[in-house]
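The structure file protein-v8.txt is reproduced below (compact mmCIF, C-alpha atoms).
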```txt
# COMPACT_ATOMS: atom_id res chain seq x y z
CA MET A 1184 67.32 133.91 104.47
CA THR A 1185 70.25 135.30 102.44
CA GLN A 1186 72.10 133.31 99.80
CA GLU A 1187 75.26 133.23 101.94
CA THR A 1188 73.32 131.95 104.96
CA THR A 1189 71.58 129.27 102.89
CA ALA A 1190 74.87 128.10 101.38
CA GLY A 1191 76.60 128.06 104.77
CA LEU A 1192 73.79 126.05 106.31
CA LEU A 1193 73.83 123.51 103.48
CA ARG A 1194 77.62 123.18 103.73
CA ARG A 1195 77.34 122.55 107.45
CA ARG A 1196 74.69 119.89 106.91
CA LEU A 1197 76.84 118.20 104.27
CA VAL A 1198 79.82 118.15 106.65
CA GLU A 1199 77.66 116.74 109.44
CA GLN A 1200 76.45 114.01 107.09
CA LEU A 1201 80.01 113.12 106.03
CA VAL A 1202 81.20 113.01 109.65
CA ALA A 1203 78.25 110.82 110.65
CA ASP A 1204 79.07 108.49 107.74
CA SER A 1205 82.70 108.27 108.96
CA VAL A 1206 83.97 109.85 105.74
CA LEU A 1207 85.61 112.85 107.43
CA HIS A 1208 87.87 112.77 110.48
CA ASN A 1209 90.60 115.38 109.99
CA PRO A 1210 89.64 118.78 111.48
CA GLU A 1211 91.42 120.74 108.72
CA VAL A 1212 89.65 118.80 105.98
CA ARG A 1213 86.32 119.37 107.75
CA ARG A 1214 87.11 123.10 107.91
CA ALA A 1215 87.84 123.10 104.18
CA ALA A 1216 84.51 121.40 103.49
CA GLN A 1217 82.74 124.04 105.57
CA THR A 1218 84.59 126.92 103.89
CA VAL A 1219 84.78 126.27 100.13
CA PRO A 1220 81.69 127.51 98.20
CA ARG A 1221 80.88 124.69 95.79
CA GLU A 1222 78.24 126.81 94.05
CA VAL A 1223 80.99 128.99 92.59
CA PHE A 1224 82.59 125.97 90.89
CA LEU A 1225 79.47 124.50 89.30
CA GLY A 1226 79.22 127.56 87.09
CA SER A 1227 75.95 128.35 85.33
CA ALA A 1228 74.87 124.86 84.20
CA ILE A 1229 75.36 121.12 84.66
CA TYR A 1230 74.29 118.02 82.75
CA ARG A 1231 71.75 115.72 84.43
CA PRO A 1232 71.50 112.12 83.16
CA SER A 1233 68.36 110.20 82.32
CA SER A 1234 67.95 106.76 80.82
CA ALA A 1235 66.61 105.94 77.39
CA PRO A 1236 66.63 102.44 75.83
CA GLY A 1237 70.28 101.48 75.52
CA VAL A 1238 71.66 104.99 75.97
CA THR A 1239 72.08 107.86 78.45
CA VAL A 1240 70.59 111.26 77.66
CA TRP A 1241 72.39 114.27 79.18
CA THR A 1242 70.12 117.29 79.69
CA PRO A 1243 71.60 120.72 80.54
CA THR A 1244 70.18 122.14 83.76
CA ARG A 1245 70.75 125.87 83.95
CA ARG A 1246 71.16 127.97 87.06
CA ASP A 1247 68.90 130.72 85.68
CA GLY A 1248 66.10 128.17 85.26
CA MET A 1249 65.89 127.49 89.01
CA THR A 1250 65.40 129.52 92.16
CA THR A 1251 68.53 130.33 94.17
CA ASP A 1252 67.51 127.90 96.93
CA GLU A 1253 66.84 125.10 94.42
CA TRP A 1254 70.27 125.58 92.83
CA LEU A 1255 72.04 125.63 96.19
CA ARG A 1256 70.27 122.48 97.35
CA LEU A 1257 71.33 120.74 94.13
CA THR A 1258 74.87 122.07 94.64
CA TYR A 1259 75.25 120.63 98.12
CA GLU A 1260 73.98 117.17 97.38
CA ASN A 1261 76.81 114.68 97.85
CA GLN A 1262 76.59 113.96 94.15
CA THR A 1263 78.83 114.13 91.08
CA TRP A 1264 77.58 116.66 88.56
CA VAL A 1265 78.87 116.41 84.99
CA THR A 1266 79.86 119.78 83.55
CA GLN A 1267 81.26 118.78 80.14
CA ILE A 1268 80.28 116.14 77.55
CA ASP A 1269 82.70 115.37 74.71
CA GLY A 1270 84.38 118.73 75.27
CA VAL A 1271 81.14 120.77 75.31
CA LEU A 1272 80.47 122.63 78.57
CA ALA A 1273 76.92 122.41 79.89
CA GLU A 1274 76.41 126.17 79.61
CA ASP A 1275 77.27 125.96 75.89
CA ALA A 1276 74.95 123.03 75.09
CA VAL A 1277 72.01 123.85 72.81
CA GLY A 1278 69.90 120.94 74.05
CA PRO A 1279 69.99 117.38 75.42
CA VAL A 1280 72.90 115.19 74.33
CA THR A 1281 72.14 111.56 73.51
CA GLY A 1282 75.02 109.28 74.42
CA GLY A 1283 78.34 111.06 74.67
CA THR A 1284 81.16 110.73 77.16
CA PRO A 1285 81.62 112.93 80.23
CA THR A 1286 84.93 114.80 79.97
CA SER A 1287 84.77 117.02 83.06
CA SER A 1288 82.74 117.00 86.25
CA SER A 1289 82.43 118.24 89.80
CA THR A 1290 83.07 115.03 91.74
CA LEU A 1291 80.90 114.39 94.77
CA PRO A 1292 82.50 116.27 97.68
CA GLY A 1293 82.55 113.23 99.96
CA VAL A 1294 84.95 111.37 97.67
CA VAL A 1295 87.25 114.37 97.12
CA LEU A 1296 87.48 115.19 100.83
CA TRP A 1297 88.00 111.53 101.77
CA MET A 1298 90.84 111.37 99.24
CA LEU A 1299 92.50 114.41 100.81
CA GLU A 1300 92.51 112.56 104.12
CA GLN A 1301 93.80 109.35 102.52
CA ALA A 1302 96.62 111.27 100.84
CA GLY A 1303 97.61 112.73 104.22
CA ILE A 1304 97.64 116.32 102.94
CA ALA A 1305 98.65 118.80 105.64
CA HIS A 1306 99.49 122.49 105.85
CA GLY A 1307 102.85 123.40 104.34
CA GLN A 1308 103.11 120.34 102.08
CA ARG A 1309 103.82 120.90 98.39
CA VAL A 1310 100.90 119.33 96.52
CA LEU A 1311 100.38 118.62 92.82
CA VAL A 1312 96.73 118.18 91.75
CA LEU A 1313 96.15 116.31 88.48
CA GLY A 1314 92.82 117.16 86.88
CA THR A 1315 91.74 120.64 87.95
CA GLY A 1316 88.26 120.05 86.50
CA THR A 1317 85.90 122.67 87.89
CA GLY A 1318 88.53 123.76 90.44
CA LEU A 1319 86.61 122.51 93.49
CA SER A 1320 89.12 119.85 94.51
CA THR A 1321 91.97 122.34 94.07
CA ALA A 1322 90.16 124.81 96.34
CA TYR A 1323 89.85 122.14 99.05
CA VAL A 1324 93.58 121.40 98.75
CA CYS A 1325 94.37 125.14 98.97
CA GLU A 1326 92.42 125.38 102.22
CA VAL A 1327 94.35 122.48 103.78
CA ALA A 1328 97.89 122.86 102.37
CA GLY A 1329 97.98 126.61 101.74
CA GLU A 1330 97.46 128.00 98.23
CA GLU A 1331 101.12 128.96 97.86
CA ASN A 1332 101.99 125.25 98.07
CA VAL A 1333 99.49 124.03 95.46
CA THR A 1334 100.01 123.37 91.75
CA SER A 1335 97.04 122.18 89.70
CA VAL A 1336 97.17 120.87 86.11
CA GLU A 1337 94.27 120.58 83.65
CA THR A 1338 94.58 119.28 80.10
CA ASP A 1339 91.39 120.83 78.65
CA PRO A 1340 91.83 124.57 77.88
CA GLU A 1341 88.15 125.49 78.27
CA ALA A 1342 87.80 123.61 81.57
CA ALA A 1343 91.08 125.13 82.77
CA GLU A 1344 89.95 128.70 82.03
CA ARG A 1345 86.58 128.05 83.67
CA ALA A 1346 88.35 126.70 86.78
CA ARG A 1347 90.77 129.66 86.83
CA LYS A 1348 87.86 132.13 86.95
CA ALA A 1349 86.02 130.14 89.63
CA LEU A 1350 89.10 129.83 91.85
CA GLY A 1351 89.73 133.56 91.55
CA GLU A 1352 86.11 134.36 92.38
CA ALA A 1353 86.33 132.10 95.45
CA GLY A 1354 89.55 133.83 96.54
CA TYR A 1355 92.19 131.19 95.73
CA SER A 1356 95.42 131.74 93.77
CA PRO A 1357 97.29 128.44 93.36
CA ALA A 1358 99.66 127.81 90.45
CA LEU A 1359 97.38 126.77 87.58
CA VAL A 1360 98.80 125.01 84.54
CA THR A 1361 97.10 124.00 81.30
CA ALA A 1362 99.05 120.99 80.08
CA ASP A 1363 99.20 117.20 79.98
CA GLY A 1364 98.75 116.27 83.64
CA LEU A 1365 100.43 112.90 83.15
CA ARG A 1366 103.68 114.81 82.70
CA GLY A 1367 103.19 116.56 86.04
CA HIS A 1368 104.79 119.99 86.32
CA PRO A 1369 108.55 119.70 86.91
CA ASP A 1370 109.04 123.47 87.24
CA ARG A 1371 107.58 123.39 90.78
CA ALA A 1372 108.79 119.94 91.80
CA PRO A 1373 109.51 118.17 94.05
CA TYR A 1374 106.10 117.51 95.60
CA ASP A 1375 105.26 115.91 98.90
CA VAL A 1376 101.89 114.70 97.61
CA VAL A 1377 100.50 114.12 94.13
CA ILE A 1378 96.76 113.51 94.05
CA ALA A 1379 95.01 112.60 90.80
CA PHE A 1380 91.36 113.33 90.05
CA CYS A 1381 91.58 111.35 86.83
CA SER A 1382 92.47 107.71 86.22
CA MET A 1383 95.37 106.25 84.28
CA ARG A 1384 96.53 102.88 82.92
CA HIS A 1385 99.91 103.10 84.63
CA VAL A 1386 102.03 105.64 86.50
CA PRO A 1387 104.29 107.69 84.19
CA TYR A 1388 107.87 107.42 85.42
CA GLY A 1389 108.42 111.12 84.74
CA LEU A 1390 105.64 111.92 87.17
CA LEU A 1391 107.10 109.59 89.78
CA GLN A 1392 110.42 111.44 89.57
CA GLN A 1393 108.73 114.68 90.64
CA ILE A 1394 107.71 113.27 94.05
CA THR A 1395 110.14 113.50 96.94
CA PRO A 1396 111.28 110.16 98.43
CA GLY A 1397 108.82 109.26 101.15
CA GLY A 1398 106.12 111.30 99.41
CA THR A 1399 102.67 110.04 98.46
CA LEU A 1400 100.95 109.43 95.13
CA LEU A 1401 97.20 108.82 95.34
CA VAL A 1402 95.87 107.69 91.98
CA THR A 1403 93.07 105.65 90.44
CA LEU A 1404 94.34 102.88 88.16
CA SER A 1405 91.99 102.03 85.31
CA GLY A 1406 92.06 100.69 81.78
CA TRP A 1407 90.09 99.95 78.66
CA GLY A 1408 87.97 97.39 80.51
CA ALA A 1409 86.38 100.22 82.55
CA ALA A 1410 87.57 98.85 85.90
CA TYR A 1411 88.98 101.09 88.65
CA GLY A 1412 91.11 100.85 91.77
CA LEU A 1413 92.37 103.65 94.02
CA VAL A 1414 95.92 103.05 95.24
CA ARG A 1415 98.09 104.97 97.72
CA LEU A 1416 101.75 104.68 96.79
CA ILE A 1417 104.76 105.70 98.88
CA VAL A 1418 107.58 106.79 96.61
CA GLU A 1419 111.11 105.46 97.02
CA ARG A 1420 114.32 106.48 95.31
CA GLY A 1421 115.20 105.32 91.82
CA ASN A 1422 111.83 105.16 90.05
CA ALA A 1423 110.33 102.90 92.70
CA ALA A 1424 107.17 102.96 94.80
CA ARG A 1425 104.89 100.58 96.63
CA GLY A 1426 101.50 100.75 98.24
CA GLN A 1427 98.06 99.36 98.92
CA PHE A 1428 94.72 99.68 97.18
CA LEU A 1429 92.11 101.41 99.33
CA PRO A 1430 88.65 100.25 100.42
CA GLY A 1431 85.54 101.41 98.63
CA TYR A 1432 84.58 101.96 95.02
CA THR A 1433 86.26 105.04 93.55
CA SER A 1434 86.28 105.82 89.84
CA PHE A 1435 87.39 108.79 87.74
CA MET A 1436 87.35 109.69 84.07
CA MET A 1437 90.36 108.34 82.23
CA ALA A 1438 93.15 110.78 81.43
CA ARG A 1439 92.62 111.51 77.75
CA GLN A 1440 96.16 110.50 76.86
CA HIS A 1441 95.44 106.98 78.21
CA GLY A 1442 92.06 106.52 76.53
CA HIS A 1443 91.35 103.59 74.25
CA PRO A 1444 91.98 103.89 70.51
CA PRO A 1445 88.99 105.21 68.57
CA HIS A 1446 86.99 102.79 66.48
CA GLY A 1447 83.65 102.61 64.74
CA PRO A 1448 81.09 99.81 64.82
CA PHE A 1449 82.58 96.32 64.76
CA GLU A 1450 81.25 92.98 63.58
CA LEU A 1451 80.86 89.97 65.84
CA LEU A 1452 82.55 87.40 63.62
CA PRO A 1453 82.46 83.61 64.00
CA GLY A 1454 85.30 81.92 65.83
CA GLN A 1455 86.43 78.84 67.70
CA GLU A 1456 83.91 77.79 70.33
CA ARG A 1457 84.33 75.99 73.64
CA PRO A 1458 82.78 75.99 77.13
CA SER A 1459 83.82 78.84 79.43
CA ARG A 1460 85.66 77.88 82.62
CA ILE A 1461 84.17 80.81 84.55
CA ASP A 1462 80.81 82.50 84.93
CA PRO A 1463 81.10 85.71 82.87
CA ALA A 1464 79.00 87.50 85.50
CA ARG A 1465 82.11 87.47 87.73
CA LEU A 1466 83.25 90.40 85.58
CA ASP A 1467 80.28 92.40 86.88
CA ASP A 1468 81.89 92.34 90.33
CA TRP A 1469 84.01 95.44 91.09
CA THR A 1470 87.20 93.45 91.74
CA GLY A 1471 86.42 90.70 89.25
CA ARG A 1472 86.27 93.30 86.49
CA PHE A 1473 89.60 94.75 87.65
CA VAL A 1474 91.23 91.32 87.63
CA ALA A 1475 89.92 90.71 84.10
CA GLN A 1476 91.35 94.06 83.00
CA LEU A 1477 94.75 93.13 84.43
CA ALA A 1478 94.68 89.91 82.41
CA ALA A 1479 93.59 91.53 79.14
CA PRO A 1480 94.76 95.18 79.38
CA SER A 1481 94.24 96.03 75.72
CA ALA A 1482 90.64 94.77 75.56
CA GLU A 1483 87.45 96.79 75.76
CA ARG A 1484 84.49 95.11 77.42
CA PHE A 1485 80.85 95.36 76.38
CA GLY A 1486 77.74 93.83 77.90
CA ALA A 1487 77.09 92.25 81.28
CA GLY A 1488 76.00 89.03 82.91
CA ALA A 1489 76.01 86.01 80.64
CA GLU A 1490 76.30 88.07 77.43
CA GLN A 1491 79.67 89.80 77.12
CA VAL A 1492 82.04 90.81 74.34
CA LEU A 1493 85.73 91.71 74.52
CA LEU A 1494 87.48 93.51 71.68
CA ASP A 1495 91.18 94.20 71.15
CA VAL A 1496 91.27 97.00 68.57
CA ALA A 1497 94.98 96.69 67.78
CA THR A 1498 94.90 93.00 66.84
CA GLY A 1499 91.24 92.49 65.97
CA SER A 1500 91.01 89.77 68.61
CA GLN A 1501 87.54 89.09 69.95
CA ALA A 1502 85.92 87.00 72.64
CA ARG A 1503 82.17 86.56 72.88
CA VAL A 1504 80.57 84.80 75.84
CA ARG A 1505 76.93 83.74 76.09
CA ALA A 1506 74.76 81.23 77.90
CA ALA A 1507 75.10 77.73 76.47
CA GLU A 1508 72.23 76.63 74.26
CA ASN A 1509 71.47 73.69 76.53
CA GLY A 1510 71.15 76.02 79.50
CA GLU A 1511 74.17 74.56 81.28
CA GLY A 1512 77.15 76.87 81.63
CA TRP A 1513 78.43 79.34 79.06
CA THR A 1514 79.98 79.21 75.60
CA VAL A 1515 82.90 81.37 74.52
CA SER A 1516 83.71 82.11 70.88
CA ARG A 1517 87.18 83.52 70.22
CA ARG A 1518 89.09 84.68 67.16
CA GLY A 1519 92.27 86.61 66.46
CA PRO A 1520 95.89 86.26 67.56
CA ILE A 1521 95.19 86.94 71.28
CA ASP A 1522 93.13 84.49 73.33
CA LEU A 1523 91.50 87.14 75.47
CA TRP A 1524 89.10 84.89 77.37
CA SER A 1525 91.69 82.28 78.35
CA SER A 1526 93.82 84.98 79.98
CA ILE A 1527 90.78 86.26 81.88
CA GLU A 1528 89.75 82.76 82.94
CA ASP A 1529 93.21 82.12 84.39
CA ALA A 1530 93.25 85.40 86.31
CA VAL A 1531 89.70 85.15 87.66
CA THR A 1532 90.26 81.53 88.69
CA THR A 1533 93.37 82.57 90.62
CA TRP A 1534 91.40 85.34 92.33
CA GLN A 1535 88.60 82.94 93.24
CA ARG A 1536 91.11 80.44 94.62
CA HIS A 1537 92.17 83.15 97.07
CA SER A 1538 88.52 83.59 98.22
CA SER A 1539 87.70 86.47 95.83
CA PRO A 1540 88.96 89.31 98.05
CA HIS A 1541 88.08 92.98 97.51
CA LEU A 1542 90.63 95.10 95.70
CA SER A 1543 91.79 96.52 99.04
CA GLU A 1544 93.58 93.19 99.55
CA PHE A 1545 95.75 93.95 96.50
CA ALA A 1546 99.04 95.85 96.45
CA MET A 1547 101.17 97.57 93.82
CA THR A 1548 104.89 97.84 93.28
CA ILE A 1549 106.80 100.04 90.85
CA THR A 1550 110.40 99.36 89.90
CA PRO A 1551 112.46 100.69 86.98
CA ASP A 1552 111.66 97.44 85.17
CA ALA A 1553 107.92 97.00 85.70
CA GLN A 1554 104.74 98.10 87.41
CA ARG A 1555 102.94 95.15 88.98
CA ILE A 1556 99.73 94.59 90.88
CA TRP A 1557 99.79 91.78 93.44
CA LEU A 1558 96.85 89.78 94.66
CA ASP A 1559 98.15 89.25 98.20
CA ALA A 1560 98.71 92.07 100.66
CA PRO A 1561 101.36 92.93 101.44
CA ALA A 1562 102.97 92.02 98.13
CA VAL A 1563 105.33 89.08 98.32
CA PRO A 1564 107.87 88.09 95.67
CA HIS A 1565 106.18 84.78 94.91
CA GLY A 1566 102.52 85.84 95.05
CA PRO A 1567 100.23 86.08 91.99
CA SER A 1568 100.75 89.35 90.11
CA TRP A 1569 100.09 91.04 86.79
CA ALA A 1570 102.15 93.63 84.92
CA LEU A 1571 100.59 96.93 83.87
CA PRO A 1572 100.93 98.01 80.22
CA VAL A 1573 104.01 100.18 80.53
```

If you took the structure in this file and wrote it as structure tokens, what would it be?
Amino acid sequence: MTQETTAGLLRRRLVEQLVADSVLHNPEVRRAAQTVPREVFLGSAIYRPSSAPGVTVWTPTRRDGMTTDEWLRLTYENQTWVTQIDGVLAEDAVGPVTGGTPTSSSTLPGVVLWMLEQAGIAHGQRVLVLGTGTGLSTAYVCEVAGEENVTSVETDPEAAERARKALGEAGYSPALVTADGLRGHPDRAPYDVVIAFCSMRHVPYGLLQQITPGGTLLVTLSGWGAAYGLVRLIVERGNAARGQFLPGYTSFMMARQHGHPPHGPFELLPGQERPSRIDPARLDDWTGRFVAQLAAPSAERFGAGAEQVLLDVATGSQARVRAAENGEGWTVSRRGPIDLWSSIEDAVTTWQRHSSPHLSEFAMTITPDAQRIWLDAPAVPHGPSWALPV
């Protein structure tokens, strides 16, 4: 069996799986999934994760260390493969990397293709892709919208050059830009659709201005609490938009410009203690963590279950939650000018009072004055809401 035949068969099986799982419905998106050769975009190596006590070890897996069939079967798993750790591409790694942060990846095809459907991308639409990454998602968009209508922006020069070569090898020639994706690309605006394969803390107003009224922005909102929510916004005139969060559990690497401030090790210092009004394990829930992030947007979160720590780097504020010594409830210790845990308690209690709905029951509005996320859907002027840090 030839390499082309093997790849084509594996692509067809992947499409059949995604259709059976009700991920794919649009015939043009299915055609793109059947056409685009993912193996071209993985390059010559990926990182594969394994667990060690308290840390993840990323081991380079090289194409030349496997048979062609083994590499193709790995390629067409519906799986995210990390291609860059802390700016180092897998093919350039000299050995396993202990710890480290993924900075580029080939997202599992099922999520990318589903997002194309959710964004409503169609032939002839002008599309801006934020986060070129390996180039795979851009290739899918080219197949659906037409490559002459596609602009793709990548902030990392090495990843951008790698994607440029892969797209050319696969036969695609969209407009490729190496720049800060959060600024969009005004030279080719306006766009009918902007689709982001990175997450951000808020929507930059300059990006919003590049989308035609009635156009769509599909973006994952995230923050320093490592919570994520995918929202589909319909853009209105005058720096305004509104939309709904989507079902499921979609996450992307944070845009580097919105990452948390760097810091070294920190001390857990003594503070004022009191009983916690909520079970800290509620922050382990997908939506509970997002609600907590809305309430304390400048806090990083560490730990899980009954033992959790929140840290605000800018102010030095801390909150530490642990099981009470008597075994009944939880104790929170807080210090610093911001009472992080009280804000989270209030928000989580409000969410629980509304029966703890999934994030898809939340909505978002953008006005020139504020960007707000609302608990009730559709958003109503008097419903519970939280402002994003913008």

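Minimum atom-to-atom distances from A:Gly1237, A:Gly1398, A:Gly1431, A:Gly1226 to Glu1274 (chain A) were compared using all atoms listed in the file, and the lowest value belongs to A:Gly1226.
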
Counting all atoms listed in the file, the residue of A:Ala1502, A:Ile1417, A:Leu1558, A:Val1277 that sits nearest Thr1470 (chain A):
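For Thr1470 (chain A), the nearest of the candidates is A:Leu1558.
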
List the neighbours of region 1215-1220 of chain A out to 6 Å using all atoms listed in the file; skip same-chain residues closer than 2 positions along the sequence, and give me the result as a ChimeraX atom specification.
/A:1194-1195,1212-1213,1222-1223,1323,1326

Point (111.2, 98.7, 85.9), cut-off 12 Å, counting all atoms listed in the file, residues as number ranges by chain
A: 1386-1388, 1421-1424, 1548-1555, 1570-1573

Please provide as a list in words all residues within 10 Å of His1537 (chain A), with the sequence filter that same-chain residues fewer than 4 positions apart are discarded (counting all atoms listed in the file).
Val1531, Thr1532, Thr1533, Leu1558, Asp1559 and Pro1567 of chain A

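Only residues having an atom at most 7 Å from (88.9, 99.3, 92.8) are included; using only C-alpha atoms, these are Tyr1411, Gly1412, Leu1413, Tyr1432, Thr1433, Trp1469, Thr1470, Phe1473 and Leu1542 of chain A.
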
Residues near region 1254-1268 of chain A, cut-off 8 Å, only C-alpha atoms, skip fewer than 3 positions along chain, as a count of residues only
31

Who sits within 8 Å of Gly1471 (chain A), all atoms listed in the file, same chain under 6 positions skipped, as an NGL selection string
:A and (1465 or 1531 or 1534 or 1539)

Residues near region 1336-1349 of chain A, cut-off 9 Å, all atoms listed in the file, skip fewer than 3 positions along chain, as a PDB file with C-alpha atoms, keeping the file's coordinate frame:
```pdb
ATOM      1  CA  VAL A1223      80.990 128.990  92.590  1.00  0.00           C
ATOM      2  CA  PHE A1224      82.590 125.970  90.890  1.00  0.00           C
ATOM      3  CA  LEU A1225      79.470 124.500  89.300  1.00  0.00           C
ATOM      4  CA  GLY A1226      79.220 127.560  87.090  1.00  0.00           C
ATOM      5  CA  GLN A1267      81.260 118.780  80.140  1.00  0.00           C
ATOM      6  CA  GLY A1270      84.380 118.730  75.270  1.00  0.00           C
ATOM      7  CA  VAL A1271      81.140 120.770  75.310  1.00  0.00           C
ATOM      8  CA  LEU A1272      80.470 122.630  78.570  1.00  0.00           C
ATOM      9  CA  THR A1286      84.930 114.800  79.970  1.00  0.00           C
ATOM     10  CA  SER A1287      84.770 117.020  83.060  1.00  0.00           C
ATOM     11  CA  LEU A1311     100.380 118.620  92.820  1.00  0.00           C
ATOM     12  CA  VAL A1312      96.730 118.180  91.750  1.00  0.00           C
ATOM     13  CA  LEU A1313      96.150 116.310  88.480  1.00  0.00           C
ATOM     14  CA  GLY A1314      92.820 117.160  86.880  1.00  0.00           C
ATOM     15  CA  THR A1315      91.740 120.640  87.950  1.00  0.00           C
ATOM     16  CA  GLY A1316      88.260 120.050  86.500  1.00  0.00           C
ATOM     17  CA  THR A1317      85.900 122.670  87.890  1.00  0.00           C
ATOM     18  CA  GLY A1318      88.530 123.760  90.440  1.00  0.00           C
ATOM     19  CA  LEU A1319      86.610 122.510  93.490  1.00  0.00           C
ATOM     20  CA  GLU A1352      86.110 134.360  92.380  1.00  0.00           C
ATOM     21  CA  ALA A1353      86.330 132.100  95.450  1.00  0.00           C
ATOM     22  CA  GLY A1354      89.550 133.830  96.540  1.00  0.00           C
ATOM     23  CA  TYR A1355      92.190 131.190  95.730  1.00  0.00           C
ATOM     24  CA  SER A1356      95.420 131.740  93.770  1.00  0.00           C
ATOM     25  CA  ALA A1358      99.660 127.810  90.450  1.00  0.00           C
ATOM     26  CA  LEU A1359      97.380 126.770  87.580  1.00  0.00           C
ATOM     27  CA  VAL A1360      98.800 125.010  84.540  1.00  0.00           C
ATOM     28  CA  THR A1361      97.100 124.000  81.300  1.00  0.00           C
ATOM     29  CA  ALA A1362      99.050 120.990  80.080  1.00  0.00           C
ATOM     30  CA  ASP A1363      99.200 117.200  79.980  1.00  0.00           C
ATOM     31  CA  GLY A1364      98.750 116.270  83.640  1.00  0.00           C
ATOM     32  CA  GLY A1367     103.190 116.560  86.040  1.00  0.00           C
ATOM     33  CA  HIS A1368     104.790 119.990  86.320  1.00  0.00           C
ATOM     34  CA  ALA A1438      93.150 110.780  81.430  1.00  0.00           C
ATOM     35  CA  ARG A1439      92.620 111.510  77.750  1.00  0.00           C
TER      36      ARG A1439
END
```

Report, in Å to a single decimal, how far apart CA of Cys1325 (chain A) and CA of Leu1401 (chain A) are.
17.0 Å

Hey, which of A:Trp1569, A:Trp1241, A:Tyr1374, A:Phe1435 ends up closest to Gly1397 (chain A)? Count only C-alpha atoms.
A:Tyr1374

Just to confirm, what's the straight-line distance from CA of Pro1458 (chain A) to CA of Gly1512 (chain A) in Å (one decimal)?
7.3 Å

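If all atoms listed in the file are the atoms counted, then among A:Ala1507, A:Ala1478, A:Ala1372, A:Ile1461 the closest residue to Ala1410 (chain A) is A:Ala1478.
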